[in-house]
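Student: Next comes structure-v7.pdb, PDB, C-alpha atoms and all ligand atoms:
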```
ATOM      1  CA  MET A  55      -2.310  53.045  42.572
ATOM      2  CA  LYS A  56      -5.261  55.325  43.345
ATOM      3  CA  ALA A  57      -4.626  57.652  46.294
ATOM      4  CA  LEU A  58      -7.979  56.759  47.861
ATOM      5  CA  ALA A  59      -8.057  53.083  46.790
ATOM      6  CA  ARG A  60      -8.793  51.844  50.292
ATOM      7  CA  PHE A  61     -12.114  53.705  50.477
ATOM      8  CA  ASP A  62     -15.258  52.303  48.890
ATOM      9  CA  ASP A  63     -17.049  55.629  49.394
ATOM     10  CA  ILE A  64     -14.807  58.631  48.729
ATOM     11  CA  HIS A  65     -17.384  61.338  49.320
ATOM     12  CA  SER A  66     -20.221  61.431  51.808
ATOM     13  CA  HIS A  67     -21.813  64.202  53.822
ATOM     14  CA  SER A  68     -23.477  61.780  56.227
ATOM     15  CA  ARG A  69     -21.723  58.406  56.353
ATOM     16  CA  ARG A  70     -18.666  57.861  58.512
ATOM     17  CA  GLY A  71     -16.383  54.875  58.962
ATOM     18  CA  PRO A  72     -13.069  53.249  58.122
ATOM     19  CA  ALA A  73     -13.838  52.921  54.363
ATOM     20  CA  VAL A  74     -15.607  56.276  53.915
ATOM     21  CA  VAL A  75     -14.247  59.767  53.265
ATOM     22  CA  THR A  76     -16.601  62.010  55.231
ATOM     23  CA  ASN A  77     -16.912  65.619  54.170
ATOM     24  CA  LEU A  78     -16.165  67.678  57.272
ATOM     25  CA  PRO A  79     -18.573  70.640  57.414
ATOM     26  CA  TYR A  80     -16.545  73.809  56.848
ATOM     27  CA  GLY A  81     -15.545  75.446  60.120
ATOM     28  CA  GLU A  82     -15.842  72.283  62.225
ATOM     29  CA  GLU A  83     -13.027  70.475  64.001
ATOM     30  CA  ILE A  84     -12.335  66.736  63.890
ATOM     31  CA  THR A  85     -13.220  64.994  67.140
ATOM     32  CA  THR A  86     -12.955  61.291  66.226
ATOM     33  CA  ALA A  87     -10.016  59.153  67.332
ATOM     34  CA  PRO A  88      -7.293  58.371  64.751
ATOM     35  CA  GLY A  89      -8.340  55.449  62.510
ATOM     36  CA  GLU A  90     -12.025  55.723  63.399
ATOM     37  CA  ALA A  91     -13.026  57.988  60.507
ATOM     38  CA  TRP A  92     -11.444  59.817  57.558
ATOM     39  CA  TYR A  93     -12.258  63.225  56.169
ATOM     40  CA  SER A  94     -12.044  65.743  53.397
ATOM     41  CA  VAL A  95     -12.083  69.433  54.188
ATOM     42  CA  GLY A  96     -12.800  72.314  51.837
ATOM     43  CA  PHE A  97     -14.948  75.280  50.992
ATOM     44  CA  HIS A  98     -17.952  74.472  48.788
ATOM     45  CA  PRO A  99     -18.505  76.749  45.761
ATOM     46  CA  TRP A 100     -22.094  77.476  46.873
ATOM     47  CA  ASP A 101     -20.732  79.046  50.056
ATOM     48  CA  THR A 102     -18.894  81.697  48.026
ATOM     49  CA  ALA A 103     -22.297  83.450  47.765
ATOM     50  CA  ARG A 104     -22.062  84.349  51.457
ATOM     51  CA  SER A 105     -18.390  84.427  52.444
ATOM     52  CA  MET A 106     -14.797  83.569  51.607
ATOM     53  CA  PRO A 107     -12.811  80.670  53.069
ATOM     54  CA  ASP A 108     -10.384  81.116  55.930
ATOM     55  CA  MET A 109      -7.312  79.548  54.350
ATOM     56  CA  GLU A 110      -5.531  79.350  57.719
ATOM     57  CA  TYR A 111      -8.277  77.089  59.035
ATOM     58  CA  LEU A 112      -8.281  74.982  55.855
ATOM     59  CA  ARG A 113      -4.497  74.618  55.892
ATOM     60  CA  ARG A 114      -4.451  73.578  59.542
ATOM     61  CA  VAL A 115      -7.254  71.000  59.231
ATOM     62  CA  ALA A 116      -6.093  69.707  55.813
ATOM     63  CA  SER A 117      -2.697  68.932  57.373
ATOM     64  CA  ASP A 118      -4.317  66.631  59.959
ATOM     65  CA  PRO A 119      -3.490  62.950  59.277
ATOM     66  CA  ARG A 120      -7.193  62.086  59.610
ATOM     67  CA  VAL A 121      -7.843  64.222  56.521
ATOM     68  CA  VAL A 122      -7.163  62.339  53.276
ATOM     69  CA  ALA A 123      -8.448  64.843  50.701
ATOM     70  CA  VAL A 124      -9.134  68.527  50.106
ATOM     71  CA  GLY A 125     -12.665  69.474  49.025
ATOM     72  CA  GLU A 126     -15.178  69.516  48.005
ATOM     73  CA  ALA A 127     -14.068  72.579  46.109
ATOM     74  CA  GLY A 128     -14.967  73.703  42.633
ATOM     75  CA  ILE A 129     -16.855  76.005  40.339
ATOM     76  CA  ASP A 130     -20.627  76.123  39.923
ATOM     77  CA  ARG A 131     -22.013  78.412  37.233
ATOM     78  CA  LEU A 132     -25.559  78.119  38.565
ATOM     79  CA  ARG A 133     -24.932  78.995  42.227
ATOM     80  CA  GLY A 134     -22.490  80.936  44.370
ATOM     81  CA  ALA A 135     -20.345  83.984  43.646
ATOM     82  CA  ASP A 136     -19.329  85.230  40.186
ATOM     83  CA  ALA A 137     -16.994  83.144  38.033
ATOM     84  CA  ASP A 138     -13.808  85.096  38.845
ATOM     85  CA  THR A 139     -14.339  84.774  42.593
ATOM     86  CA  GLN A 140     -15.110  81.063  42.339
ATOM     87  CA  ARG A 141     -12.062  80.444  40.156
ATOM     88  CA  GLU A 142      -9.833  82.170  42.695
ATOM     89  CA  VAL A 143     -11.300  80.296  45.682
ATOM     90  CA  PHE A 144     -10.896  77.023  43.795
ATOM     91  CA  ARG A 145      -7.308  77.854  42.794
ATOM     92  CA  CYS A 146      -6.346  78.540  46.436
ATOM     93  CA  GLN A 147      -7.707  75.135  47.463
ATOM     94  CA  ALA A 148      -6.006  73.390  44.535
ATOM     95  CA  ILE A 149      -2.703  74.885  45.693
ATOM     96  CA  LEU A 150      -3.455  73.766  49.251
ATOM     97  CA  ALA A 151      -4.106  70.197  48.027
ATOM     98  CA  GLU A 152      -0.715  70.292  46.348
ATOM     99  CA  GLU A 153       0.987  71.633  49.493
ATOM    100  CA  VAL A 154      -0.445  68.912  51.723
ATOM    101  CA  GLY A 155      -0.079  66.233  49.004
ATOM    102  CA  LYS A 156      -3.704  65.078  49.150
ATOM    103  CA  PRO A 157      -6.234  64.589  46.331
ATOM    104  CA  LEU A 158      -8.694  67.324  45.440
ATOM    105  CA  ILE A 159     -12.423  66.494  45.333
ATOM    106  CA  ILE A 160     -14.096  68.688  42.726
ATOM    107  CA  HIS A 161     -17.658  69.932  42.350
ATOM    108  CA  CYS A 162     -18.104  71.186  38.778
ATOM    109  CA  VAL A 163     -21.309  72.508  37.240
ATOM    110  CA  ARG A 164     -21.089  73.960  33.712
ATOM    111  CA  ALA A 165     -17.494  75.034  34.316
ATOM    112  CA  TRP A 166     -15.546  72.275  32.547
ATOM    113  CA  ASP A 167     -13.480  74.707  30.492
ATOM    114  CA  ASP A 168     -12.419  76.586  33.617
ATOM    115  CA  ILE A 169     -11.516  73.459  35.564
ATOM    116  CA  MET A 170      -9.565  72.024  32.628
ATOM    117  CA  ALA A 171      -7.727  75.314  32.030
ATOM    118  CA  LEU A 172      -6.763  75.489  35.712
ATOM    119  CA  ARG A 173      -5.485  71.927  35.581
ATOM    120  CA  ARG A 174      -3.296  72.753  32.573
ATOM    121  CA  GLN A 175      -1.991  75.838  34.399
ATOM    122  CA  LEU A 176      -1.304  74.255  37.788
ATOM    123  CA  LYS A 177      -0.115  70.817  36.550
ATOM    124  CA  PRO A 178      -1.028  69.143  39.841
ATOM    125  CA  ALA A 179       0.834  66.107  41.155
ATOM    126  CA  VAL A 180      -2.132  65.113  43.336
ATOM    127  CA  GLU A 181      -5.276  63.516  41.900
ATOM    128  CA  TRP A 182      -8.082  65.796  40.795
ATOM    129  CA  ILE A 183     -11.296  63.841  41.309
ATOM    130  CA  ILE A 184     -14.542  64.944  39.648
ATOM    131  CA  HIS A 185     -17.154  64.078  42.237
ATOM    132  CA  GLY A 186     -20.681  62.975  41.297
ATOM    133  CA  PHE A 187     -19.788  62.559  37.628
ATOM    134  CA  ARG A 188     -23.009  62.211  35.598
ATOM    135  CA  GLY A 189     -21.749  62.781  32.055
ATOM    136  CA  GLY A 190     -21.676  60.245  29.251
ATOM    137  CA  ALA A 191     -18.818  58.354  27.614
ATOM    138  CA  PRO A 192     -17.563  61.237  25.381
ATOM    139  CA  GLN A 193     -17.197  63.588  28.339
ATOM    140  CA  ALA A 194     -15.625  60.853  30.429
ATOM    141  CA  ALA A 195     -13.101  60.261  27.634
ATOM    142  CA  GLN A 196     -12.210  63.946  27.489
ATOM    143  CA  LEU A 197     -11.719  64.203  31.249
ATOM    144  CA  LEU A 198      -9.701  60.977  31.432
ATOM    145  CA  ARG A 199      -7.430  62.238  28.649
ATOM    146  CA  ALA A 200      -6.942  65.474  30.597
ATOM    147  CA  GLY A 201      -5.827  63.402  33.611
ATOM    148  CA  PHE A 202      -8.859  63.566  35.899
ATOM    149  CA  MET A 203     -10.203  60.794  38.111
ATOM    150  CA  LEU A 204     -13.985  60.308  38.036
ATOM    151  CA  SER A 205     -16.173  59.482  40.998
ATOM    152  CA  LEU A 206     -19.591  57.959  40.407
ATOM    153  CA  GLY A 207     -22.581  58.321  42.681
ATOM    154  CA  GLU A 208     -25.985  56.715  42.365
ATOM    155  CA  ARG A 209     -27.140  58.941  39.502
ATOM    156  CA  HIS A 210     -24.373  58.247  36.985
ATOM    157  CA  ALA A 211     -24.762  57.256  33.336
ATOM    158  CA  PRO A 212     -24.377  53.467  32.954
ATOM    159  CA  GLN A 213     -22.433  53.734  29.679
ATOM    160  CA  ALA A 214     -19.883  56.017  31.360
ATOM    161  CA  GLU A 215     -19.354  53.426  34.061
ATOM    162  CA  LEU A 216     -18.391  50.769  31.502
ATOM    163  CA  PHE A 217     -16.063  53.212  29.840
ATOM    164  CA  ILE A 218     -14.039  54.376  32.845
ATOM    165  CA  PRO A 219     -11.234  51.989  33.794
ATOM    166  CA  ASP A 220     -11.196  50.842  37.400
ATOM    167  CA  GLU A 221      -7.887  52.578  38.147
ATOM    168  CA  ARG A 222      -9.452  55.940  37.238
ATOM    169  CA  ARG A 223     -12.815  55.440  38.944
ATOM    170  CA  TYR A 224     -14.087  56.002  42.450
ATOM    171  CA  ARG A 225     -17.438  55.437  44.140
ATOM    172  CA  GLU A 226     -19.346  57.756  46.401
ATOM    173  CA  THR A 227     -22.716  58.158  48.086
ATOM    174  CA  ASP A 228     -22.485  61.986  48.417
TER     175      ASP A 228
HETATM  176 ZN    ZN B   1     -20.936  66.605  48.113
END
```
Now that the file is in, can you turn its structure into structure tokens?
Tutor:
Amino acid sequence: MKALARFDDIHSHSRRGPAVVTNLPYGEEITTAPGEAWYSVGFHPWDTARSMPDMEYLRRVASDPRVVAVGEAGIDRLRGADADTQREVFRCQAILAEEVGKPLIIHCVRAWDDIMALRRQLKPAVEWIIHGFRGGAPQAAQLLRAGFMLSLGERHAPQAELFIPDERRYRETD
């Protein structure tokens, strides 16, 4: 059973509601009543260009029952800090996801080798969900074999959609 099966939109920066996982802007606190909205909390790789995450804040908010996932977190080779810094920031959040037992929502741009190597190293029990997956069937096959879940937004490849079994696939609006 998928950890986020009850949501028909697992990643949105703007929508909010009982079937949506809303990305809480980093640094903000949750103000909605329990059951009204659900969240993910993380430190986006682009933000590593300016600062480093406060892991105390992330740990506290990620432990809130209104938070159902950690992220988005990840590695982006085109934006943000250097690769070593991004890997380390991602690793810390992957460990946090494991500690709180909630899936990890991943932003990955041209860093598939890194993300796959980290998955082999950390052997997570929680789901690692590639958000906004736009690759084709061969890449989907590789990621599914490696154990990832794939989340499709509006701009996904139609042949990948047919290829990914329902129990490994999520939907999102981003
Ligand atoms: Zn996003």
Student: Take CA of Glu153 in chain A and CA of Arg222 in chain A and report the distance between them in Å, one decimal.
Tutor: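 We find that CA of Glu153 in chain A and CA of Arg222 in chain A lie 22.5 Å from each other.
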Student: Report, in Å to a single decimal, how far apart CA of Arg164 in chain A and CA of His210 in chain A are.
Tutor: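 Distance between the two atoms: 16.4 Å.
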Student: Might you pull out every residue within 9 Å of Ala200 in chain A, with all atoms listed in the file counted and same-chain residues fewer than 3 positions away left off, and present them as an NGL selection string?
Tutor: :A and (170 or 173-174 or 195-197)
Student: On this structure, the PyMOL selection byres (((not hetatm)) within 8 of (chain B and resi 1)) would catch which residues? List them as JSON, numbers by chain, sorted by chain and number.
Tutor: {"A": [65, 66, 67, 77, 126, 161, 185, 186, 228]}
Student: Store the residues picked out above, limited to C-alpha atoms, as an mmCIF file, in the frame of the given file.
Tutor:
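Final file, selection.cif:
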```cif
data_model
loop_
_atom_site.group_PDB
_atom_site.id
_atom_site.type_symbol
_atom_site.label_atom_id
_atom_site.label_comp_id
_atom_site.auth_asym_id
_atom_site.auth_seq_id
_atom_site.Cartn_x
_atom_site.Cartn_y
_atom_site.Cartn_z
ATOM 1 C CA HIS A 65 -17.384 61.338 49.320
ATOM 2 C CA SER A 66 -20.221 61.431 51.808
ATOM 3 C CA HIS A 67 -21.813 64.202 53.822
ATOM 4 C CA ASN A 77 -16.912 65.619 54.170
ATOM 5 C CA GLU A 126 -15.178 69.516 48.005
ATOM 6 C CA HIS A 161 -17.658 69.932 42.350
ATOM 7 C CA HIS A 185 -17.154 64.078 42.237
ATOM 8 C CA GLY A 186 -20.681 62.975 41.297
ATOM 9 C CA ASP A 228 -22.485 61.986 48.417
#
```
Student: When distances are computed from only C-alpha atoms, which of A:Val75, A:Leu132, A:Leu198, A:Val143 shows the smallest separation from Met106 in chain A?
Tutor: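 The closest residue to Met106 in chain A is A:Val143.
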Student: Step by step, work through what the PyMOL selection byres (((chain A and resi 98) around 8) and not hetatm) selects in the shown file, and finish by giving those residues as a list in words.
Tutor: Gly96, Phe97, Pro99, Trp100, Asp101, Thr102, Gly125, Glu126, Ala127, Gly128 and His161 of chain A
Student: I would like the residues chosen by the PyMOL selection byres (((chain A and resi 73) around 6) and not hetatm) on the shown file; could you give them as a list in words?
Tutor: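 In the shown coordinates, the PyMOL selection byres (((chain A and resi 73) around 6) and not hetatm) covers Phe61, Asp62, Gly71, Pro72 and Val74 of chain A.
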Student: Could you name the residues that touch Val180 in chain A at 8 Å or less, counting all atoms listed in the file, but leaving out those on the same chain fewer than 5 positions away, as number ranges by chain?
Tutor: A: 151-152, 155-158
Student: Show me, as a PDB file with C-alpha atoms, keeping the file's coordinate frame, the residues that have an atom within 6 Å of Ser94 in chain A when counting only C-alpha atoms, minus same-chain residues fewer than 6 positions from it.
Tutor:
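Saved to around25.pdb:
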```
ATOM      1  CA  ASN A  77     -16.912  65.619  54.170  1.00  0.00           C
ATOM      2  CA  LEU A  78     -16.165  67.678  57.272  1.00  0.00           C
ATOM      3  CA  VAL A 121      -7.843  64.222  56.521  1.00  0.00           C
ATOM      4  CA  VAL A 122      -7.163  62.339  53.276  1.00  0.00           C
ATOM      5  CA  ALA A 123      -8.448  64.843  50.701  1.00  0.00           C
ATOM      6  CA  VAL A 124      -9.134  68.527  50.106  1.00  0.00           C
ATOM      7  CA  GLY A 125     -12.665  69.474  49.025  1.00  0.00           C
TER       8      GLY A 125
END
```
Student: Which is closest to Phe202 in chain A among A:Pro107, A:Gly89, A:Pro178, A:Gly81, if we use all atoms listed in the file?
Tutor: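 For Phe202 in chain A, the nearest of the given residues is A:Pro178.
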Student: Rounded to one decimal place, report the CA of Leu206 in chain A-CA of Lys177 in chain A distance in Å.
Tutor: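 Computing it gives 23.7 Å between the two atoms.
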